[in-house]
>>> print(open('final.cif').read())   # mmCIF, C-alpha atoms
data_work
loop_
_atom_site.label_atom_id
_atom_site.label_comp_id
_atom_site.auth_asym_id
_atom_site.auth_seq_id
_atom_site.Cartn_x
_atom_site.Cartn_y
_atom_site.Cartn_z
CA MET T 703 7.51 -51.93 47.71
CA SER T 704 6.66 -48.99 45.49
CA SER T 705 9.91 -49.45 43.56
CA LEU T 706 9.08 -53.11 42.91
CA ARG T 707 5.55 -52.16 41.79
CA ASN T 708 6.96 -49.73 39.26
CA ALA T 709 9.46 -52.29 37.98
CA ILE T 710 6.70 -54.69 36.88
CA ALA T 711 5.63 -54.18 33.27
CA ARG T 712 2.04 -53.02 33.04
CA ARG T 713 -0.43 -53.19 30.24
CA ALA T 714 -0.88 -49.91 28.31
CA HIS T 715 -4.56 -48.99 28.48
CA LYS T 716 -5.83 -47.54 25.21
CA GLU T 717 -8.94 -45.47 24.76
CA ARG T 718 -11.93 -47.28 23.39
CA ALA T 719 -12.48 -46.65 19.70
CA GLN T 720 -15.76 -46.16 17.87
CA PRO T 721 -17.50 -49.53 17.25
CA GLU T 722 -17.50 -50.75 13.66
CA ALA T 723 -21.27 -50.32 13.36
CA ARG T 724 -21.02 -46.63 14.34
CA LYS T 725 -18.02 -45.68 12.14
CA LYS T 726 -20.31 -43.49 10.04
CA PHE T 727 -20.80 -41.13 13.04
CA GLY T 728 -17.11 -40.26 13.17
CA LEU T 729 -14.75 -40.45 16.14
CA LEU T 730 -16.06 -41.61 19.50
CA GLU T 731 -16.64 -38.65 21.81
CA LYS T 732 -14.47 -38.73 24.92
CA HIS T 733 -15.36 -37.23 28.29
CA LYS T 734 -13.18 -34.13 27.78
CA ASP T 735 -14.94 -33.49 24.45
CA TYR T 736 -18.31 -33.82 26.16
CA VAL T 737 -17.26 -31.28 28.83
CA VAL T 738 -16.33 -28.69 26.19
CA ARG T 739 -19.55 -29.28 24.26
CA ALA T 740 -21.70 -29.10 27.40
CA LYS T 741 -20.12 -25.83 28.57
CA ALA T 742 -20.70 -24.23 25.15
CA PHE T 743 -24.31 -25.44 25.12
CA HIS T 744 -25.06 -24.05 28.60
CA ARG T 745 -23.37 -20.72 27.77
CA LYS T 746 -25.59 -20.30 24.71
CA GLU T 747 -28.61 -21.34 26.77
CA GLU T 748 -27.87 -18.61 29.34
CA ILE T 749 -27.51 -15.95 26.62
CA ILE T 750 -30.83 -16.93 25.05
CA GLY T 751 -32.50 -16.87 28.48
CA LYS T 752 -31.23 -13.33 29.18
CA LEU T 753 -32.41 -12.11 25.77
CA ARG T 754 -35.87 -13.61 26.38
CA GLU T 755 -36.01 -11.89 29.76
CA LYS T 756 -35.11 -8.54 28.20
CA ALA T 757 -37.75 -9.01 25.52
CA ALA T 758 -40.36 -9.88 28.15
CA PHE T 759 -39.68 -6.78 30.27
CA ARG T 760 -39.25 -4.44 27.31
CA ASN T 761 -40.75 -0.98 27.58
CA PRO T 762 -43.39 -0.61 24.79
CA ASP T 763 -42.80 3.19 24.72
CA GLU T 764 -39.07 2.81 24.14
CA PHE T 765 -37.84 4.59 21.00
CA TYR T 766 -34.53 5.44 19.40
CA PHE T 767 -33.84 6.86 15.96
CA LYS T 768 -32.18 3.74 14.55
CA MET T 769 -35.63 2.16 14.56
CA ILE T 770 -36.58 4.37 11.64
CA ASN T 771 -33.09 5.02 10.20
CA SER T 772 -32.25 1.38 9.52
CA ARG T 773 -33.83 -1.53 7.73
CA THR T 774 -33.53 -5.29 8.07
CA VAL T 775 -31.85 -7.19 5.23
CA GLY T 776 -31.74 -10.93 5.69
CA GLY T 777 -32.27 -10.60 9.44
CA VAL T 778 -29.42 -8.09 9.80
CA HIS T 779 -30.01 -4.41 10.62
CA ARG T 780 -28.37 -2.14 8.06
CA PRO T 781 -28.40 1.67 8.34
CA LYS T 782 -29.84 3.72 5.51
CA PRO T 783 -27.25 5.14 3.10
CA GLU T 784 -26.49 8.68 4.19
CA ALA T 785 -26.47 11.50 1.70
CA ASN T 786 -23.33 13.57 1.27
CA LYS T 787 -22.95 15.43 4.57
CA TYR T 788 -20.34 17.85 3.22
CA THR T 789 -21.12 21.05 1.34
CA GLU T 790 -19.48 21.96 -1.96
CA GLU T 791 -17.10 24.37 -0.21
CA GLU T 792 -16.04 21.71 2.32
CA LEU T 793 -15.48 19.16 -0.44
CA LEU T 794 -13.38 21.67 -2.36
CA LEU T 795 -11.31 22.34 0.78
CA LEU T 796 -10.73 18.60 1.25
CA LYS T 797 -9.64 18.34 -2.38
CA ASN T 798 -7.14 21.16 -1.86
CA LYS T 799 -5.65 19.38 1.17
CA ASP T 800 -5.32 16.13 -0.75
CA MET T 801 -3.72 17.94 -3.69
CA GLY T 802 -1.27 19.65 -1.34
CA TYR T 803 -0.20 16.28 0.05
CA ILE T 804 0.22 14.80 -3.45
CA LEU T 805 2.24 17.86 -4.53
CA GLN T 806 4.49 17.46 -1.47
CA CYS T 807 5.06 13.79 -2.38
CA ILE T 808 5.93 14.79 -5.97
CA GLN T 809 8.50 17.34 -4.80
CA SER T 810 10.00 14.83 -2.36
CA GLU T 811 10.30 12.18 -5.08
CA LYS T 812 11.93 14.67 -7.47
CA LYS T 813 14.56 15.58 -4.88
CA LYS T 814 15.32 11.91 -4.17
CA ILE T 815 15.57 11.11 -7.89
CA GLU T 816 17.88 14.07 -8.47
CA LYS T 817 20.14 13.06 -5.57
CA LEU T 818 20.23 9.41 -6.65
CA SER T 819 20.90 10.31 -10.29
CA SER T 820 23.81 12.57 -9.36
CA THR T 821 25.34 9.82 -7.19
CA LEU T 822 25.08 7.22 -9.94
CA HIS T 823 26.40 9.69 -12.51
CA GLU T 824 29.53 10.20 -10.41
CA LEU T 825 30.02 6.43 -10.21
CA ASP T 826 29.61 5.89 -13.96
CA THR T 827 31.63 8.86 -15.19
CA LYS T 828 35.40 8.47 -15.36
CA ARG T 829 37.39 11.58 -14.62
CA PRO T 830 39.39 12.60 -17.71
CA ASN T 831 43.16 12.82 -17.31
CA LYS T 832 44.10 16.41 -18.18
CA HIS T 833 47.57 16.39 -16.70
CA VAL T 834 50.17 17.96 -19.00
CA TYR T 835 53.75 16.70 -18.92
CA PHE T 836 56.74 18.74 -20.18
CA ALA T 837 59.93 17.08 -21.41
CA GLU T 838 63.33 18.61 -22.09
CA ASP T 839 64.21 16.26 -24.96
CA ARG T 840 63.02 13.17 -26.84
CA GLU T 841 64.57 10.74 -24.38
CA GLU T 842 62.66 12.21 -21.44
CA ALA T 843 59.45 12.26 -23.53
CA LYS T 844 59.86 8.53 -24.29
CA GLU T 845 60.43 7.81 -20.61
CA ILE T 846 57.26 9.73 -19.58
CA HIS T 847 55.28 7.98 -22.31
CA SER T 848 56.43 4.53 -21.14
CA ARG T 849 55.62 5.44 -17.52
CA LEU T 850 52.11 6.53 -18.52
CA GLY T 851 51.61 3.26 -20.40
CA GLU T 852 52.45 1.28 -17.27
CA CYS T 853 49.99 3.36 -15.21
CA SER T 854 47.21 2.70 -17.73
CA ASN T 855 47.68 -1.08 -17.29
CA MET T 856 46.93 -0.78 -13.60
CA PRO T 857 43.47 -1.97 -12.42
CA GLY T 858 40.91 0.80 -12.87
CA PHE T 859 37.18 1.18 -12.90
CA ASP T 860 36.58 -2.11 -14.74
CA ASN T 861 37.77 -4.23 -11.82
CA ILE T 862 34.95 -3.24 -9.47
CA PRO T 863 34.16 -5.61 -6.54
CA SER T 864 30.93 -7.59 -6.79
CA ARG T 865 29.63 -5.96 -3.62
CA ILE T 866 29.77 -2.51 -5.19
CA LYS T 867 28.27 -3.83 -8.45
CA LYS T 868 25.28 -5.26 -6.56
CA LYS T 869 24.81 -2.02 -4.68
CA THR T 870 24.94 -0.03 -7.93
CA ALA T 871 22.39 -2.36 -9.58
CA SER T 872 20.02 -2.01 -6.62
CA SER T 873 20.43 1.78 -6.80
CA TYR T 874 19.48 1.73 -10.49
CA ARG T 875 16.41 -0.38 -9.68
CA GLU T 876 15.43 2.06 -6.94
CA LEU T 877 15.87 4.96 -9.37
CA GLU T 878 13.60 3.30 -11.94
CA GLU T 879 10.93 2.56 -9.30
CA ARG T 880 11.01 6.15 -8.07
CA LYS T 881 10.61 7.44 -11.63
CA GLN T 882 7.56 5.22 -12.13
CA ARG T 883 6.13 6.38 -8.80
CA LEU T 884 6.70 10.00 -9.83
CA GLN T 885 4.81 9.44 -13.09
CA LYS T 886 1.85 7.92 -11.23
CA LEU T 887 1.79 10.78 -8.71
CA GLU T 888 1.90 13.40 -11.48
CA LYS T 889 -0.94 11.65 -13.31
CA LEU T 890 -2.97 11.49 -10.09
CA TYR T 891 -2.29 15.17 -9.40
CA GLY T 892 -3.44 16.10 -12.91
CA GLU T 893 -6.69 14.16 -12.49
CA MET T 894 -7.36 15.75 -9.09
CA ALA T 895 -6.65 19.22 -10.50
CA LEU T 896 -9.12 18.55 -13.34
CA GLN T 897 -11.82 17.37 -10.92
CA LYS T 898 -11.23 20.47 -8.80
CA GLU T 899 -11.67 22.74 -11.82
CA LEU T 900 -14.82 20.89 -12.88
CA LYS T 901 -16.38 21.55 -9.48
CA LYS T 902 -16.04 25.30 -9.95
CA PRO T 903 -19.15 27.20 -11.09
CA GLY T 904 -19.61 28.05 -14.75
CA ARG T 905 -20.92 26.42 -17.90
CA LYS T 906 -18.49 24.07 -19.59
CA ARG T 907 -18.45 21.32 -22.17
CA LYS T 908 -16.12 18.55 -23.25
CA LEU T 909 -14.35 19.17 -26.56
CA ARG T 910 -14.49 16.63 -29.36
CA GLU T 911 -11.34 15.34 -31.01
CA ASP T 912 -11.90 17.40 -34.17
CA GLU T 913 -12.17 20.56 -32.03
CA MET T 914 -8.81 20.08 -30.29
CA VAL T 915 -5.70 21.78 -31.63
CA ASN T 916 -3.43 19.10 -30.13
CA PRO T 917 -5.53 15.92 -29.63
CA THR T 918 -4.68 14.01 -26.45
CA SER T 919 -6.01 10.93 -24.69
CA GLN T 920 -7.00 13.08 -21.69
CA PRO T 921 -10.38 14.88 -21.75
CA VAL T 922 -10.30 18.60 -22.54
CA TYR T 923 -13.02 21.00 -21.34
CA LYS T 924 -13.88 24.49 -22.44
CA TRP T 925 -15.58 27.03 -20.20
CA ARG T 926 -18.04 29.52 -21.54
CA ALA T 927 -16.73 33.08 -21.41
CA GLN T 928 -18.42 35.17 -18.73
CA ARG T 929 -18.54 38.90 -18.48
CA LYS T 930 -16.89 40.14 -15.29
CA ARG T 931 -18.44 43.17 -13.67
#
>>> encode(input="final.cif", output="structure tokens")
Amino acid sequence: MSSLRNAIARRAHKERAQPEARKKFGLLEKHKDYVVRAKAFHRKEEIIGKLREKAAFRNPDEFYFKMINSRTVGGVHRPKPEANKYTEEELLLLKNKDMGYILQCIQSEKKKIEKLSSTLHELDTKRPNKHVYFAEDREEAKEIHSRLGECSNMPGFDNIPSRIKKKTASSYRELEERKQRLQKLEKLYGEMALQKELKKPGRKRKLREDEMVNPTSQPVYKWRAQRKR
């Protein structure tokens, strides 16, 4: 009987849509949507109840330092901006460590550029033919000359496969990128070295353009001479 019941065509029941008069309220909420919304509402209600309970049983003598070390901005607690917690010596030590890392990167980039340049130079440079041939007479000289002419017509460096050409082009691009990176690192290292020198004690002033022997775009400082005991 169950097989016959399944063989009969049944009407496909569709979910009821939002009535035309209530189209402005959006889609009609189904039971599964109501369950999700109700669970979220009750979860928020429980959190608010627990917070109210904590506020009701709060200890009036309770104190912690964030009460005075923070302020409320738009209902959000924000800590006060801390002053620099490092001394001048500690800051100078941190600068030295950073400069050491930048210097290590510069040396590494220089080695990679040198290795890549030498490899590409070997690919581009054709080895000169310095072989010397000796002939007994004119006939043998003509024969050697004709043989050398046939060898020169053989495929050489010009007939390079496309795979090697693409690899060479990518190597040239990598070389150019590494050179640009090296320039940026050297500029950064120079700026960090200048900031390190400026932090050292002693009176100094920035030179004007008319005071410089070789004017540059970078700032130049002059320290006042001090007598060493």
>>> atom_distance(input="final.cif", atom1="atom CA of Glu816 of chain T", atom2="atom CA of Ser873 of chain T")
12.7 Å
>>> atom_distance(input="final.cif", atom1="atom CA of Leu818 of chain T", atom2="atom CA of Gln885 of chain T")
16.7 Å
>>> residues_around(input="final.cif", residues="segment 716-721 of chain T", least_positions_apart="5", cutoff="8 Å", atoms="all atoms listed in the file", output="JSON, numbers by chain")
{"T": [728, 729, 730]}
>>> resolve_selection(input="final.cif", expression="the PyMOL selection byres ((chain T and resi 920) around 12)", output="number ranges by chain")
T: 889, 892-893, 896, 908-911, 914, 916-919, 921-923
>>> atom_distance(input="final.cif", atom1="atom CA of Ile866 of chain T", atom2="atom CA of Lys813 of chain T")
23.6 Å
>>> closest_residue(input="final.cif", among="T:Ile770, T:Leu877, T:Val775, T:Ala837", to="Thr821 of chain T", atoms="all atoms listed in the file")
T:Leu877
>>> closest_residue(input="final.cif", among="T:Gly802, T:Pro781, T:Gly776, T:Gly751", to="Tyr891 of chain T", atoms="all atoms listed in the file")
T:Gly802
>>> resolve_selection(input="final.cif", expression="the PyMOL selection byres ((chain T and resi 895) around 12)", output="list of chain:residue names")
T:Leu794, T:Lys797, T:Asn798, T:Lys799, T:Asp800, T:Met801, T:Gly802, T:Ile804, T:Leu805, T:Glu888, T:Lys889, T:Leu890, T:Tyr891, T:Gly892, T:Glu893, T:Met894, T:Leu896, T:Gln897, T:Lys898, T:Glu899, T:Leu900, T:Lys901, T:Lys902
>>> write_last_selection(input="final.cif", atoms="C-alpha atoms", output="PDB file, in the coordinates of the input")
ATOM      1  CA  LEU T 794     -13.380  21.670  -2.360  1.00  0.00           C
ATOM      2  CA  LYS T 797      -9.640  18.340  -2.380  1.00  0.00           C
ATOM      3  CA  ASN T 798      -7.140  21.160  -1.860  1.00  0.00           C
ATOM      4  CA  LYS T 799      -5.650  19.380   1.170  1.00  0.00           C
ATOM      5  CA  ASP T 800      -5.320  16.130  -0.750  1.00  0.00           C
ATOM      6  CA  MET T 801      -3.720  17.940  -3.690  1.00  0.00           C
ATOM      7  CA  GLY T 802      -1.270  19.650  -1.340  1.00  0.00           C
ATOM      8  CA  ILE T 804       0.220  14.800  -3.450  1.00  0.00           C
ATOM      9  CA  LEU T 805       2.240  17.860  -4.530  1.00  0.00           C
ATOM     10  CA  GLU T 888       1.900  13.400 -11.480  1.00  0.00           C
ATOM     11  CA  LYS T 889      -0.940  11.650 -13.310  1.00  0.00           C
ATOM     12  CA  LEU T 890      -2.970  11.490 -10.090  1.00  0.00           C
ATOM     13  CA  TYR T 891      -2.290  15.170  -9.400  1.00  0.00           C
ATOM     14  CA  GLY T 892      -3.440  16.100 -12.910  1.00  0.00           C
ATOM     15  CA  GLU T 893      -6.690  14.160 -12.490  1.00  0.00           C
ATOM     16  CA  MET T 894      -7.360  15.750  -9.090  1.00  0.00           C
ATOM     17  CA  LEU T 896      -9.120  18.550 -13.340  1.00  0.00           C
ATOM     18  CA  GLN T 897     -11.820  17.370 -10.920  1.00  0.00           C
ATOM     19  CA  LYS T 898     -11.230  20.470  -8.800  1.00  0.00           C
ATOM     20  CA  GLU T 899     -11.670  22.740 -11.820  1.00  0.00           C
ATOM     21  CA  LEU T 900     -14.820  20.890 -12.880  1.00  0.00           C
ATOM     22  CA  LYS T 901     -16.380  21.550  -9.480  1.00  0.00           C
ATOM     23  CA  LYS T 902     -16.040  25.300  -9.950  1.00  0.00           C
TER      24      LYS T 902
END
